[in-house]
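Taking it in order: structure first as structure tokens, then the write-up.
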Amino acid sequence: MPASRPRIAVVIPVFNEEAVLPELFRRLDAVFAARPHEEWITVFANDGCRDGSGALLTARAAAVPGTRVIELSRNFGHQSALAAGLADAADADAAITMDADMQDPPELIPQLVDAWRGGAEVVLAVRRSRQEGGLRRAGFEAFHALFGRLTDFPIENNTGTFGLLDRAAVAAFNSLPEKHRFFPGLRAWVGFKPGEILYDRQERAAGQPAQTFRRLVRYALDGVFSFSYLPLRLLTYSGVMVGLAGFVLGLYYVVKRLIHVEKAPTGFTTLAILVLFLGGVQLIGIGVLGEYLGRVYDEVKRRPNYIVRRKTGCD
Ligand code: UDP
Ligand code: MG
């Protein structure tokens, strides 16, 4: 429950965002200034920025109290940077997770906080609309449709990183040991009393998406493989089906042989098709097994999700 002047951390992963940071700072400051009854801190996770973002962040940390910068030793990716930021926000009463590019407008932060003060423990910002078009948008939509069917913990449609976690939910998230993190899925998995607000997702304020399409695909695969056994089960089903078909076909040939007593077997086409088809099914099967095995291997290695080079502005 909120203390009288609750401390709220805004957690923002940053990768090469020098083009948007000045505006982000300005808009955050305006939001914070309008809400003096909360104590605001910002936690920036510098995910190995190679542009001027690092300097902008440290300058802000020096100038603005309550600004923390977690500098990672290299680029670890959005999910790891988010985890680094949340780990540092453990002392806040609530943490807001958002992107640096203002696709998640900072002006919505008060609404998230009000929903939390109204009793919700995990507040999701649900997109009423989305600006992206084309392949990216189609990809997002296909993913949400598929993911909803595949897993026992469907993520709310049209939600991304943007939202608020209560202190207890942050602690729960930080205590999860896994390496392949799919934040929206884990947020659904940890539970807690939900709340939501609606918003229109904006166009990126400036710069290029730091997340390449390939990374998004990998992210989507992480989501599916870490929350569903269905791909494995499908393998079993297809094995059973192919096996049955093989049995029936075998029977057919045996009977045909007995009835006609043919000498020279035709059927090269059948053989070729069978070999290719079964080969394909087996390769897909090995691939799916490999997806799980690779993830198991990553977990077993117990390497940390990220490495911190230095922290600025943290006590
Ligand atoms: N980001 C990051 N590390 C990366 C890629 C992205 O910390 O390797 C940050 C980025 O600065 C932004 C957020 O993650 O704050 C979302 O990235 P982006 O806008 O590129 O992704 P999209 O909006 O396409 O999901
Ligand atoms: Mg973005």
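To be explicit about the labels: the chains of the structure tokens are called A, B, and onward in the order shown, and within each one the residues are counted from 1, while ligands get numbers from 1 in the order they are shown.
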With the cut-off set at 6 Å and counting only C-alpha atoms and all ligand atoms, tabulate each residue of chain A with an atom at most that distance from an atom of ligand 1, showing the nearest atom pair and its distance in Å to one decimal, ordered by chain and increasing number, as JSON lines.
```
{"residue": "A:Pro13", "atom": "CA", "partner": "ligand 1", "partner_atom_place_in_ligand_line": "7 (O)", "distance": 4.1}
{"residue": "A:Val14", "atom": "CA", "partner": "ligand 1", "partner_atom_place_in_ligand_line": "11 (O)", "distance": 3.6}
{"residue": "A:Phe15", "atom": "CA", "partner": "ligand 1", "partner_atom_place_in_ligand_line": "11 (O)", "distance": 3.8}
{"residue": "A:Glu17", "atom": "CA", "partner": "ligand 1", "partner_atom_place_in_ligand_line": "11 (O)", "distance": 5.8}
{"residue": "A:Asp47", "atom": "CA", "partner": "ligand 1", "partner_atom_place_in_ligand_line": "7 (O)", "distance": 5.0}
{"residue": "A:Asn75", "atom": "CA", "partner": "ligand 1", "partner_atom_place_in_ligand_line": "8 (O)", "distance": 5.8}
{"residue": "A:Gly77", "atom": "CA", "partner": "ligand 1", "partner_atom_place_in_ligand_line": "8 (O)", "distance": 3.4}
{"residue": "A:His78", "atom": "CA", "partner": "ligand 1", "partner_atom_place_in_ligand_line": "3 (N)", "distance": 3.8}
{"residue": "A:Ala81", "atom": "CA", "partner": "ligand 1", "partner_atom_place_in_ligand_line": "7 (O)", "distance": 5.3}
{"residue": "A:Asp99", "atom": "CA", "partner": "ligand 1", "partner_atom_place_in_ligand_line": "15 (O)", "distance": 3.7}
{"residue": "A:Ala100", "atom": "CA", "partner": "ligand 1", "partner_atom_place_in_ligand_line": "15 (O)", "distance": 3.7}
{"residue": "A:Asp101", "atom": "CA", "partner": "ligand 1", "partner_atom_place_in_ligand_line": "15 (O)", "distance": 5.5}
{"residue": "A:Pro209", "atom": "CA", "partner": "ligand 1", "partner_atom_place_in_ligand_line": "20 (O)", "distance": 3.6}
{"residue": "A:Ala210", "atom": "CA", "partner": "ligand 1", "partner_atom_place_in_ligand_line": "20 (O)", "distance": 3.3}
{"residue": "A:Gln211", "atom": "CA", "partner": "ligand 1", "partner_atom_place_in_ligand_line": "20 (O)", "distance": 3.9}
```
* Asked: Which residues sit within 12 Å of ligand 2, counting only C-alpha atoms and all ligand atoms, listed as a ChimeraX atom specification?
  -> /A:12-17,20,78,98-105,130-132,136,160-162,201-213,216
Give me a file of those residues, with N, CA and C atoms, as a JSON list (two decimals), in the first residue's frame.
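As written to disk, out-v8.json reads:
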```
[["chain", "number", "residue", "atom", "x", "y", "z"],
["A", 12, "ILE", "N", 13.61, 3.13, -17.26],
["A", 12, "ILE", "CA", 13.69, 3.33, -18.71],
["A", 12, "ILE", "C", 14.98, 2.74, -19.28],
["A", 13, "PRO", "N", 14.87, 1.67, -20.08],
["A", 13, "PRO", "CA", 16.07, 1.16, -20.77],
["A", 13, "PRO", "C", 16.42, 2.09, -21.93],
["A", 14, "VAL", "N", 17.70, 2.35, -22.12],
["A", 14, "VAL", "CA", 18.13, 3.31, -23.13],
["A", 14, "VAL", "C", 19.22, 2.70, -24.00],
["A", 15, "PHE", "N", 18.99, 2.68, -25.29],
["A", 15, "PHE", "CA", 20.03, 2.24, -26.22],
["A", 15, "PHE", "C", 20.08, 3.21, -27.40],
["A", 16, "ASN", "N", 21.15, 4.00, -27.46],
["A", 16, "ASN", "CA", 21.34, 4.97, -28.54],
["A", 16, "ASN", "C", 20.12, 5.85, -28.76],
["A", 17, "GLU", "N", 19.77, 6.59, -27.74],
["A", 17, "GLU", "CA", 18.58, 7.44, -27.83],
["A", 17, "GLU", "C", 18.90, 8.91, -27.70],
["A", 20, "VAL", "N", 16.26, 11.50, -28.64],
["A", 20, "VAL", "CA", 14.99, 11.69, -27.94],
["A", 20, "VAL", "C", 15.17, 12.09, -26.47],
["A", 78, "HIS", "N", 17.01, -5.11, -24.77],
["A", 78, "HIS", "CA", 15.90, -4.45, -24.07],
["A", 78, "HIS", "C", 15.50, -5.14, -22.77],
["A", 98, "MET", "N", 8.82, 1.89, -18.92],
["A", 98, "MET", "CA", 8.48, 2.50, -20.21],
["A", 98, "MET", "C", 9.70, 2.62, -21.11],
["A", 99, "ASP", "N", 9.44, 2.84, -22.41],
["A", 99, "ASP", "CA", 10.53, 3.00, -23.37],
["A", 99, "ASP", "C", 10.97, 4.46, -23.39],
["A", 100, "ALA", "N", 12.19, 4.67, -23.90],
["A", 100, "ALA", "CA", 12.75, 6.02, -23.94],
["A", 100, "ALA", "C", 12.21, 6.83, -25.10],
["A", 101, "ASP", "N", 11.65, 6.16, -26.10],
["A", 101, "ASP", "CA", 11.36, 6.87, -27.35],
["A", 101, "ASP", "C", 10.01, 7.58, -27.35],
["A", 102, "MET", "N", 9.34, 7.59, -26.19],
["A", 102, "MET", "CA", 8.06, 8.28, -26.04],
["A", 102, "MET", "C", 6.95, 7.71, -26.90],
["A", 103, "GLN", "N", 7.13, 6.46, -27.35],
["A", 103, "GLN", "CA", 5.97, 5.77, -27.92],
["A", 103, "GLN", "C", 4.97, 5.53, -26.80],
["A", 104, "ASP", "N", 5.51, 5.43, -25.59],
["A", 104, "ASP", "CA", 4.67, 5.40, -24.39],
["A", 104, "ASP", "C", 4.74, 6.81, -23.81],
["A", 105, "PRO", "N", 3.67, 7.60, -23.97],
["A", 105, "PRO", "CA", 3.77, 9.00, -23.57],
["A", 105, "PRO", "C", 3.92, 9.17, -22.06],
["A", 130, "ARG", "N", -2.31, 1.87, -32.60],
["A", 130, "ARG", "CA", -0.89, 1.66, -32.78],
["A", 130, "ARG", "C", -0.49, 2.37, -34.06],
["A", 131, "GLN", "N", 0.65, 3.06, -34.04],
["A", 131, "GLN", "CA", 1.03, 3.85, -35.21],
["A", 131, "GLN", "C", 1.79, 3.02, -36.24],
["A", 132, "GLU", "N", 2.49, 1.99, -35.77],
["A", 132, "GLU", "CA", 3.31, 1.24, -36.71],
["A", 132, "GLU", "C", 2.44, 0.65, -37.82],
["A", 136, "ARG", "N", 5.80, -4.85, -39.49],
["A", 136, "ARG", "CA", 5.95, -4.81, -38.04],
["A", 136, "ARG", "C", 4.60, -4.98, -37.36],
["A", 160, "GLY", "N", 2.33, -3.84, -23.94],
["A", 160, "GLY", "CA", 3.76, -4.05, -24.15],
["A", 160, "GLY", "C", 4.46, -3.88, -22.83],
["A", 161, "THR", "N", 5.54, -3.12, -22.85],
["A", 161, "THR", "CA", 6.30, -2.91, -21.62],
["A", 161, "THR", "C", 5.61, -1.91, -20.70],
["A", 162, "PHE", "N", 4.92, -0.97, -21.29],
["A", 162, "PHE", "CA", 4.43, 0.17, -20.53],
["A", 162, "PHE", "C", 3.45, -0.25, -19.44],
["A", 201, "ARG", "N", -0.83, 4.51, -28.70],
["A", 201, "ARG", "CA", 0.62, 4.39, -28.83],
["A", 201, "ARG", "C", 1.10, 5.35, -29.91],
["A", 202, "GLN", "N", 2.14, 6.08, -29.58],
["A", 202, "GLN", "CA", 2.62, 7.14, -30.47],
["A", 202, "GLN", "C", 3.67, 6.60, -31.43],
["A", 203, "GLU", "N", 3.94, 7.43, -32.41],
["A", 203, "GLU", "CA", 5.08, 7.21, -33.29],
["A", 203, "GLU", "C", 6.34, 7.46, -32.46],
["A", 204, "ARG", "N", 7.41, 6.76, -32.76],
["A", 204, "ARG", "CA", 8.70, 7.03, -32.12],
["A", 204, "ARG", "C", 9.06, 8.51, -32.31],
["A", 205, "ALA", "N", 9.50, 9.19, -31.23],
["A", 205, "ALA", "CA", 9.69, 10.64, -31.29],
["A", 205, "ALA", "C", 10.81, 11.02, -32.26],
["A", 206, "ALA", "N", 11.87, 10.25, -32.29],
["A", 206, "ALA", "CA", 12.97, 10.52, -33.22],
["A", 206, "ALA", "C", 13.86, 9.28, -33.27],
["A", 207, "GLY", "N", 14.75, 9.25, -34.24],
["A", 207, "GLY", "CA", 15.69, 8.12, -34.32],
["A", 207, "GLY", "C", 15.04, 6.88, -34.89],
["A", 208, "GLN", "N", 15.82, 5.84, -34.99],
["A", 208, "GLN", "CA", 15.37, 4.57, -35.55],
["A", 208, "GLN", "C", 15.00, 3.61, -34.42],
["A", 209, "PRO", "N", 14.08, 2.69, -34.66],
["A", 209, "PRO", "CA", 13.85, 1.66, -33.65],
["A", 209, "PRO", "C", 15.16, 0.94, -33.37],
["A", 210, "ALA", "N", 15.50, 0.84, -32.09],
["A", 210, "ALA", "CA", 16.75, 0.17, -31.75],
["A", 210, "ALA", "C", 16.57, -1.34, -31.83],
["A", 211, "GLN", "N", 15.33, -1.77, -31.72],
["A", 211, "GLN", "CA", 15.02, -3.19, -31.79],
["A", 211, "GLN", "C", 14.87, -3.56, -33.26],
["A", 212, "THR", "N", 15.76, -4.34, -33.78],
["A", 212, "THR", "CA", 15.61, -4.75, -35.17],
["A", 212, "THR", "C", 14.50, -5.79, -35.27],
["A", 213, "PHE", "N", 14.06, -6.01, -36.50],
["A", 213, "PHE", "CA", 12.99, -6.97, -36.71],
["A", 213, "PHE", "C", 13.43, -8.36, -36.24],
["A", 216, "LEU", "N", 13.01, -8.68, -32.62],
["A", 216, "LEU", "CA", 11.61, -8.84, -32.23],
["A", 216, "LEU", "C", 11.17, -10.28, -32.44]]
```
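If you measure from each of A:Arg7, A:Arg117, A:Lys179, A:Arg167 to Arg295 in chain A using only C-alpha atoms, the closest one turns out to be A:Lys179.
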So that I can check the surroundings of Ala171 in chain A, please list as a short mmCIF file (atom, residue, chain, number, x, y, z; two decimals) with N, CA, C and O atoms, in the first residue's frame every protein, DNA and RNA residue that reaches within 10 Å of it, counting only C-alpha atoms and ignoring chain neighbours fewer than 2 positions away.
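out11.cif written:
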```cif
data_model
loop_
_atom_site.label_atom_id
_atom_site.label_comp_id
_atom_site.auth_asym_id
_atom_site.auth_seq_id
_atom_site.Cartn_x
_atom_site.Cartn_y
_atom_site.Cartn_z
N LEU A 86 14.85 -2.54 -13.14
CA LEU A 86 13.89 -2.97 -12.11
C LEU A 86 14.61 -3.43 -10.84
O LEU A 86 14.14 -3.21 -9.73
N ALA A 87 15.77 -4.08 -11.03
CA ALA A 87 16.53 -4.52 -9.86
C ALA A 87 16.90 -3.32 -9.00
O ALA A 87 16.89 -3.38 -7.78
N ALA A 89 15.19 -0.58 -8.82
CA ALA A 89 14.00 0.14 -8.36
C ALA A 89 13.32 -0.59 -7.21
O ALA A 89 12.20 -0.25 -6.83
N ALA A 90 14.01 -1.58 -6.63
CA ALA A 90 13.39 -2.40 -5.59
C ALA A 90 13.01 -1.60 -4.36
O ALA A 90 12.15 -2.00 -3.58
N ASP A 91 13.65 -0.44 -4.16
CA ASP A 91 13.36 0.35 -2.96
C ASP A 91 12.21 1.33 -3.18
O ASP A 91 11.89 2.13 -2.29
N LEU A 165 4.26 -1.49 -11.78
CA LEU A 165 4.31 -2.64 -10.89
C LEU A 165 4.41 -2.14 -9.45
O LEU A 165 5.22 -1.27 -9.14
N ASP A 166 3.59 -2.71 -8.59
CA ASP A 166 3.67 -2.43 -7.16
C ASP A 166 4.98 -2.99 -6.61
O ASP A 166 5.59 -3.88 -7.21
N ARG A 167 5.41 -2.47 -5.45
CA ARG A 167 6.67 -2.92 -4.85
C ARG A 167 6.76 -4.45 -4.76
O ARG A 167 7.79 -5.04 -5.10
N ALA A 168 5.65 -5.07 -4.34
CA ALA A 168 5.66 -6.53 -4.19
C ALA A 168 5.83 -7.22 -5.54
O ALA A 168 6.50 -8.25 -5.66
N ALA A 169 5.21 -6.65 -6.57
CA ALA A 169 5.33 -7.25 -7.91
C ALA A 169 6.75 -7.07 -8.43
O ALA A 169 7.29 -7.96 -9.10
N PHE A 173 9.20 -10.04 -9.52
CA PHE A 173 9.87 -10.07 -10.81
C PHE A 173 11.39 -10.20 -10.63
O PHE A 173 12.04 -10.99 -11.30
N ASN A 174 11.92 -9.43 -9.67
CA ASN A 174 13.37 -9.47 -9.44
C ASN A 174 13.84 -10.83 -8.92
O ASN A 174 15.00 -11.19 -9.08
N SER A 175 12.93 -11.56 -8.28
CA SER A 175 13.35 -12.84 -7.71
C SER A 175 13.32 -13.96 -8.73
O SER A 175 13.76 -15.07 -8.46
N LEU A 176 12.78 -13.70 -9.93
CA LEU A 176 12.73 -14.75 -10.93
C LEU A 176 14.14 -15.03 -11.44
O LEU A 176 14.86 -14.11 -11.81
#
```
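If only C-alpha atoms are the atoms counted, then among A:Ala45, A:Ala172, A:Leu235, A:Val64 the closest residue to Thr97 in chain A is A:Ala45.
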* **Secondary structure check, alpha helix (DSSP H) residues of range 104-231 of chain A, as an MDAnalysis selection string** => chainID A and resid 109:117 134:150 167:175 183:190 213:227 230:231
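When CA of Leu276 in chain A is paired with CA of Ile259 in chain A, their separation reads 28.8 Å.
The set of residues in range 130-231 of chain A assigned to strand (DSSP E or B) by DSSP, using only backbone atoms of this structure, is Thr159, Gly160, Thr161, Phe162, Gly163, Leu164, Leu165, Asp166, Pro194, Gly195, Glu196, Ile197, Leu198, Tyr199 and Asp200 of chain A.
Atom pair CA of Phe32 in chain A / CA of Phe44 in chain A: separated by 15.8 Å.
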* Structure fact -> With distances taken over only C-alpha atoms, the candidate from A:Phe76, A:Tyr306, A:Phe192, A:Phe147 nearest Leu124 in chain A is A:Phe192
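One finds CA of Asp88 in chain A at 20.4 Å from CA of Leu21 in chain A.
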* To do: Show which residues sit within 12 Å of Ala55 in chain A, as a list in words. Count only C-alpha atoms, and ignore same-chain residues fewer than 5 positions away.
  => Asn16, Glu17, Glu18, Leu21, Pro22, Asn46, Gly48, Cys49, Arg50, Arg60, Ala61, Ala62, Val69, Glu71 and Thr312 of chain A
Residue neighbourhood range 181-189 of chain A, 7 Å, only C-alpha atoms, exclusion window fewer than 3 positions, as a PDB file with N, CA and C atoms, in the first residue's frame:
```pdb
ATOM      1  N   GLN A  79      15.271  -6.462 -22.851  1.00  0.00           N
ATOM      2  CA  GLN A  79      14.770  -7.195 -21.684  1.00  0.00           C
ATOM      3  C   GLN A  79      15.765  -7.180 -20.526  1.00  0.00           C
ATOM      4  N   PHE A 153      -0.879 -18.529 -19.757  1.00  0.00           N
ATOM      5  CA  PHE A 153      -0.895 -17.187 -19.188  1.00  0.00           C
ATOM      6  C   PHE A 153      -0.926 -16.165 -20.307  1.00  0.00           C
ATOM      7  N   ILE A 155      -1.080 -13.008 -22.414  1.00  0.00           N
ATOM      8  CA  ILE A 155      -0.872 -11.614 -22.056  1.00  0.00           C
ATOM      9  C   ILE A 155      -2.021 -10.838 -22.629  1.00  0.00           C
ATOM     10  N   GLY A 160       2.335  -3.839 -23.939  1.00  0.00           N
ATOM     11  CA  GLY A 160       3.763  -4.052 -24.148  1.00  0.00           C
ATOM     12  C   GLY A 160       4.457  -3.878 -22.825  1.00  0.00           C
ATOM     13  N   THR A 161       5.541  -3.122 -22.850  1.00  0.00           N
ATOM     14  CA  THR A 161       6.298  -2.907 -21.624  1.00  0.00           C
ATOM     15  C   THR A 161       5.609  -1.909 -20.701  1.00  0.00           C
ATOM     16  N   GLU A 178      15.129 -16.701 -14.134  1.00  0.00           N
ATOM     17  CA  GLU A 178      15.374 -17.131 -15.516  1.00  0.00           C
ATOM     18  C   GLU A 178      16.069 -16.088 -16.378  1.00  0.00           C
ATOM     19  N   ASP A 222      11.085 -16.286 -27.680  1.00  0.00           N
ATOM     20  CA  ASP A 222      11.282 -16.426 -26.239  1.00  0.00           C
ATOM     21  C   ASP A 222       9.940 -16.486 -25.533  1.00  0.00           C
ATOM     22  N   GLY A 223       9.046 -15.611 -25.973  1.00  0.00           N
ATOM     23  CA  GLY A 223       7.719 -15.581 -25.365  1.00  0.00           C
ATOM     24  C   GLY A 223       7.032 -16.927 -25.496  1.00  0.00           C
TER      25      GLY A 223
END
```
